[in-house]
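Visitor: I'd like to ask some things about the structure below.
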Amino acid sequence: MNSAGRRSDSAVHQLAAINRIARIALQDMTLRPMLQRIVDALHEEFGWDFIACASIDLNQGEFVCEAVCTVLPSDIVVGYRRPLGSGVVGTCALTAETIDIADTRGHPNFIDTLGGTLSELCVPVIHDHRVLALLNAESRQLDAFRSQRELLETVAAQIAGVIHAAQLLERLHVAHGELQDAYRVMANQAQLDGLTGIANRRCFDAWLDDACTESTRLAQPLSLLLIDIDHFKAYNDHYGHVAGDECLRIIAGTIARESGDGVIQVARYGGEEFTVILRRMTLDQARLHAEALREAIAALALAHMGSPIGRVSLSIGVATLRRDAADSPSALVARADVQLYAAKRHGRNRVSAEG
């Protein structure tokens with residue numbers, strides 16, 4: 001075959017290789033696996049000893065190796081970083097111009113990562129006048145990339161749009177994850193009482209609905225405490241609302257701490273009222289828990305000059321879910337409320353339970 005025929009065959013091979021690389025880039029739009037497929041294909045098609053692809057981290061002012069294929073020992077691995085402007089790759093990133101070095105010996109700003117690199121070709125991948133990535137080939141032979149500059153530049157032009165789309169998709173995934181995190185934070189905050197930090201009324205309503213459904217389905221007991229701080233208006237009148245808010249935080253924290261986790265759920269019902277849902281607890285067990293809470297608050301000995309006993313105390317109503325189809329969350333709350341007012345009528349600082 002004459003030289004013209006050989007050149008023609010070489011051009012056809014290069015064109016087929018470029019088209020193949022463009023196709024495999026589209027197989028998966030996840031950025032790093034895509035870039036690895038591209039450098040693997042370049043190595044396979046053209047037999048280059050070393051080929052890598054780097055992205056640009058403008059926030060850190062560095063380029064980052066995203067994919068590498070080499071048959072030679074190298075310092076370059078995925079995740080390798082260096083400042084923009086350093087070495088041939090860093091210079092290419094800043095200038096957005098191809099750097100083709102036939103002989104690296106004595107070349108300014110050259111950094112040898114193969115231990116004997118004699119020639120290097122670095123091509124920027126540019127989209128909309130912005131460098132997205134860099135394709136870098138190195139060899140221990142002099143002038144190893146003769147006549148291949150245009151080939152790699154064509155590959156870079158072919159894959160630029162795909163890399164741009166993959167980067168946009170990656171940023172979209174990151175933004176979506178951040179948005180989901182923000183939604184979760186907002187959802188959590190929407191369920192917390194802003195003053196005391198425990199669950200709020202909305203959360204309590206959802207909890208109680210779920211607890212009643214579970215109790216009926218599993219035929220397990222369910223009890224409820226409705227708690228009121230005695231003479232709290234007088235507390236605010238005497239000590240002021242700032243002190244009143246601090247008192248609410250202390251009471252809420254103590255109730256939550258004494259109740260623990262798991263089957264007991266504590267919420268602020270409103271004002272100076274709190275609720276405790278006691279899953280899988282009988283009326284007797286709930287009454288004992290209510291007494292423990294009342295005693296825990298008494299043990300704090302918080303001064304209350306507006307109370308006949310001179311300290312902060314609790315009145316607590318206790319009710320349990322009945323085993324009949326007509327019972328409901330609202331009915332359970334109403335019965336606990338009846339018991340709460342019974343405790344108040346009988347002198348406060350006490351527990352009143354059904355039965």
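Naming works like this for the structure tokens: A, B, ... for the chains as they're shown, residue 1 at the start of each chain, ligands 1 onward in shown order.
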Determine, counting only C-alpha atoms, which protein, DNA and RNA residues have an atom within 7 Å of an atom of Ala303 in chain A; residues of the same chain fewer than 3 positions away are not included. Present the result as a ChimeraX atom specification.

Guide: /A:310-312

Visitor: Generate the output file for the selected residues, N, CA and C atoms, as an mmCIF file, in the first residue's frame.

Guide:
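Okay, part_35.cif is ready:
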```cif
data_model
loop_
_atom_site.group_PDB
_atom_site.id
_atom_site.type_symbol
_atom_site.label_atom_id
_atom_site.label_comp_id
_atom_site.auth_asym_id
_atom_site.auth_seq_id
_atom_site.Cartn_x
_atom_site.Cartn_y
_atom_site.Cartn_z
ATOM 1 N N GLY A 310 -45.216 28.081 97.546
ATOM 2 C CA GLY A 310 -43.956 28.795 97.403
ATOM 3 C C GLY A 310 -42.978 28.236 96.397
ATOM 4 N N ARG A 311 -43.376 27.243 95.627
ATOM 5 C CA ARG A 311 -42.483 26.681 94.603
ATOM 6 C C ARG A 311 -43.315 26.193 93.418
ATOM 7 N N VAL A 312 -42.648 25.985 92.309
ATOM 8 C CA VAL A 312 -43.322 25.529 91.087
ATOM 9 C C VAL A 312 -43.785 24.093 91.267
#
```

Visitor: Give the strand (DSSP E or B) residues of range 157-339 of chain A, as assigned by DSSP on the backbone, as a compact mmCIF listing (two decimals) with C-alpha atoms, in the first residue's frame.

Guide:
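The result, stored in out.txt:
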```
# COMPACT_ATOMS: atom_id res chain seq x y z
CA LEU A 192 -40.49 21.55 67.36
CA ALA A 199 -42.24 18.58 70.07
CA LEU A 222 -52.05 3.48 75.48
CA SER A 223 -52.16 6.23 78.09
CA LEU A 224 -51.90 10.00 78.02
CA LEU A 225 -50.79 12.64 80.53
CA LEU A 226 -51.98 16.23 80.30
CA ILE A 227 -49.78 18.47 82.46
CA ASP A 228 -50.26 22.04 83.66
CA ILE A 229 -47.87 24.27 85.62
CA ILE A 264 -42.77 7.83 75.73
CA GLN A 265 -43.28 10.99 73.67
CA VAL A 266 -43.28 14.48 75.19
CA ALA A 267 -44.74 17.62 73.61
CA ARG A 268 -45.76 21.14 74.50
CA TYR A 269 -49.53 21.30 74.17
CA GLY A 270 -49.78 25.07 74.44
CA GLU A 273 -49.46 22.80 79.26
CA PHE A 274 -47.51 19.70 78.23
CA THR A 275 -48.51 16.22 77.12
CA VAL A 276 -46.88 12.84 77.45
CA ILE A 277 -47.94 9.91 75.26
CA LEU A 278 -47.26 6.59 76.96
CA ARG A 279 -47.37 3.81 74.39
CA ALA A 303 -39.24 29.48 93.76
CA ARG A 311 -42.48 26.68 94.60
CA LEU A 314 -47.55 20.44 88.43
CA SER A 315 -51.12 19.22 88.13
CA ILE A 316 -51.45 16.14 85.92
CA GLY A 317 -54.44 14.39 84.38
CA VAL A 318 -54.15 10.75 83.30
CA ALA A 319 -56.38 8.85 80.86
CA THR A 320 -56.10 5.64 78.88
```

Visitor: With only C-alpha atoms as the basis for distance, which of A:Arg322, A:Arg249, A:Arg287, A:Arg280 is at the shortest distance from Gln339 in chain A?

Guide: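 Smallest separation from Gln339 in chain A among the options: A:Arg287.
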
Visitor: Just the residues within 7 Å of Cys92 in chain A, please, counting only C-alpha atoms, with nothing from its chain fewer than 6 positions along; format it as a list in words.

Guide: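 Once the adjacent positions are removed, what remains is Thr98, Ile99, Cys122 and Pro124 of chain A.
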
Visitor: Could those residues be written to a file, using N, CA and C atoms, as a PDB file, in the first residue's frame?

Guide:
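Saved to selection.pdb:
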```pdb
ATOM      1  N   THR A  98      -3.429  24.619  23.927  1.00  0.00           N
ATOM      2  CA  THR A  98      -2.737  23.343  23.861  1.00  0.00           C
ATOM      3  C   THR A  98      -1.239  23.528  24.070  1.00  0.00           C
ATOM      4  N   ILE A  99      -0.650  22.644  24.826  1.00  0.00           N
ATOM      5  CA  ILE A  99       0.802  22.637  25.033  1.00  0.00           C
ATOM      6  C   ILE A  99       1.335  21.311  24.504  1.00  0.00           C
ATOM      7  N   CYS A 122      -0.777  18.333  26.215  1.00  0.00           N
ATOM      8  CA  CYS A 122      -1.901  18.692  27.082  1.00  0.00           C
ATOM      9  C   CYS A 122      -2.868  19.568  26.304  1.00  0.00           C
ATOM     10  N   PRO A 124      -6.718  21.525  26.348  1.00  0.00           N
ATOM     11  CA  PRO A 124      -7.871  21.945  27.155  1.00  0.00           C
ATOM     12  C   PRO A 124      -9.186  21.510  26.511  1.00  0.00           C
TER      13      PRO A 124
END
```

Visitor: Which of these residues is nearest to Val68 in chain A, using only C-alpha atoms: A:Ala175, A:Ala52, A:Val242, A:Ala219?

Guide: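 Ranking A:Ala175, A:Ala52, A:Val242, A:Ala219 by distance to Val68 in chain A, first place goes to A:Ala52.
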
Visitor: Find the residue from A:Val88, A:Ile255, A:Val174, A:Ala93 that sits nearest to Glu295 in chain A; use only C-alpha atoms when measuring.

Guide: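 That would be A:Ile255, the residue with the smallest distance to Glu295 in chain A.
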
Visitor: Identify, on the basis of only C-alpha atoms, every residue whose closest approach to Asp49 in chain A does not exceed 9 Å; exclude the query and any residue fewer than 4 positions from it along the same chain; express the result as a list in words.

Guide: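 What passes the distance filter is His43, Cys69, Thr70, Val71, Leu72, Ala137, Glu138, Ser139 and Arg140 of chain A.
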
Visitor: Could the residues in this selection be saved with N, CA and C atoms as a compact mmCIF listing (two decimals), in the first residue's frame?

Guide:
```
# COMPACT_ATOMS: atom_id res chain seq x y z
N HIS A 43 -6.39 5.34 25.42
CA HIS A 43 -5.26 4.42 25.59
C HIS A 43 -5.41 3.21 24.65
N CYS A 69 -5.11 6.48 32.97
CA CYS A 69 -4.78 5.16 32.46
C CYS A 69 -3.30 5.17 32.09
N THR A 70 -2.51 4.30 32.70
CA THR A 70 -1.07 4.32 32.48
C THR A 70 -0.49 2.92 32.55
N VAL A 71 0.53 2.68 31.72
CA VAL A 71 1.29 1.43 31.82
C VAL A 71 2.63 1.69 32.49
N LEU A 72 2.86 2.93 32.89
CA LEU A 72 4.11 3.33 33.52
C LEU A 72 3.86 3.74 34.97
N ALA A 137 -1.44 13.70 27.91
CA ALA A 137 -0.73 12.48 27.53
C ALA A 137 0.76 12.68 27.74
N GLU A 138 1.44 11.65 28.24
CA GLU A 138 2.88 11.75 28.49
C GLU A 138 3.56 10.47 28.00
N SER A 139 4.85 10.60 27.71
CA SER A 139 5.61 9.45 27.23
C SER A 139 7.07 9.59 27.63
N ARG A 140 7.76 8.46 27.76
CA ARG A 140 9.20 8.47 28.01
C ARG A 140 10.01 8.51 26.72
```

Visitor: Name the residues in contact with Tyr235 in chain A at a cut-off of 7 Å, using only C-alpha atoms, excluding same-chain residues fewer than 6 positions from it; report them as a PyMOL selection string.

Guide: chain A and resi 244+304+306
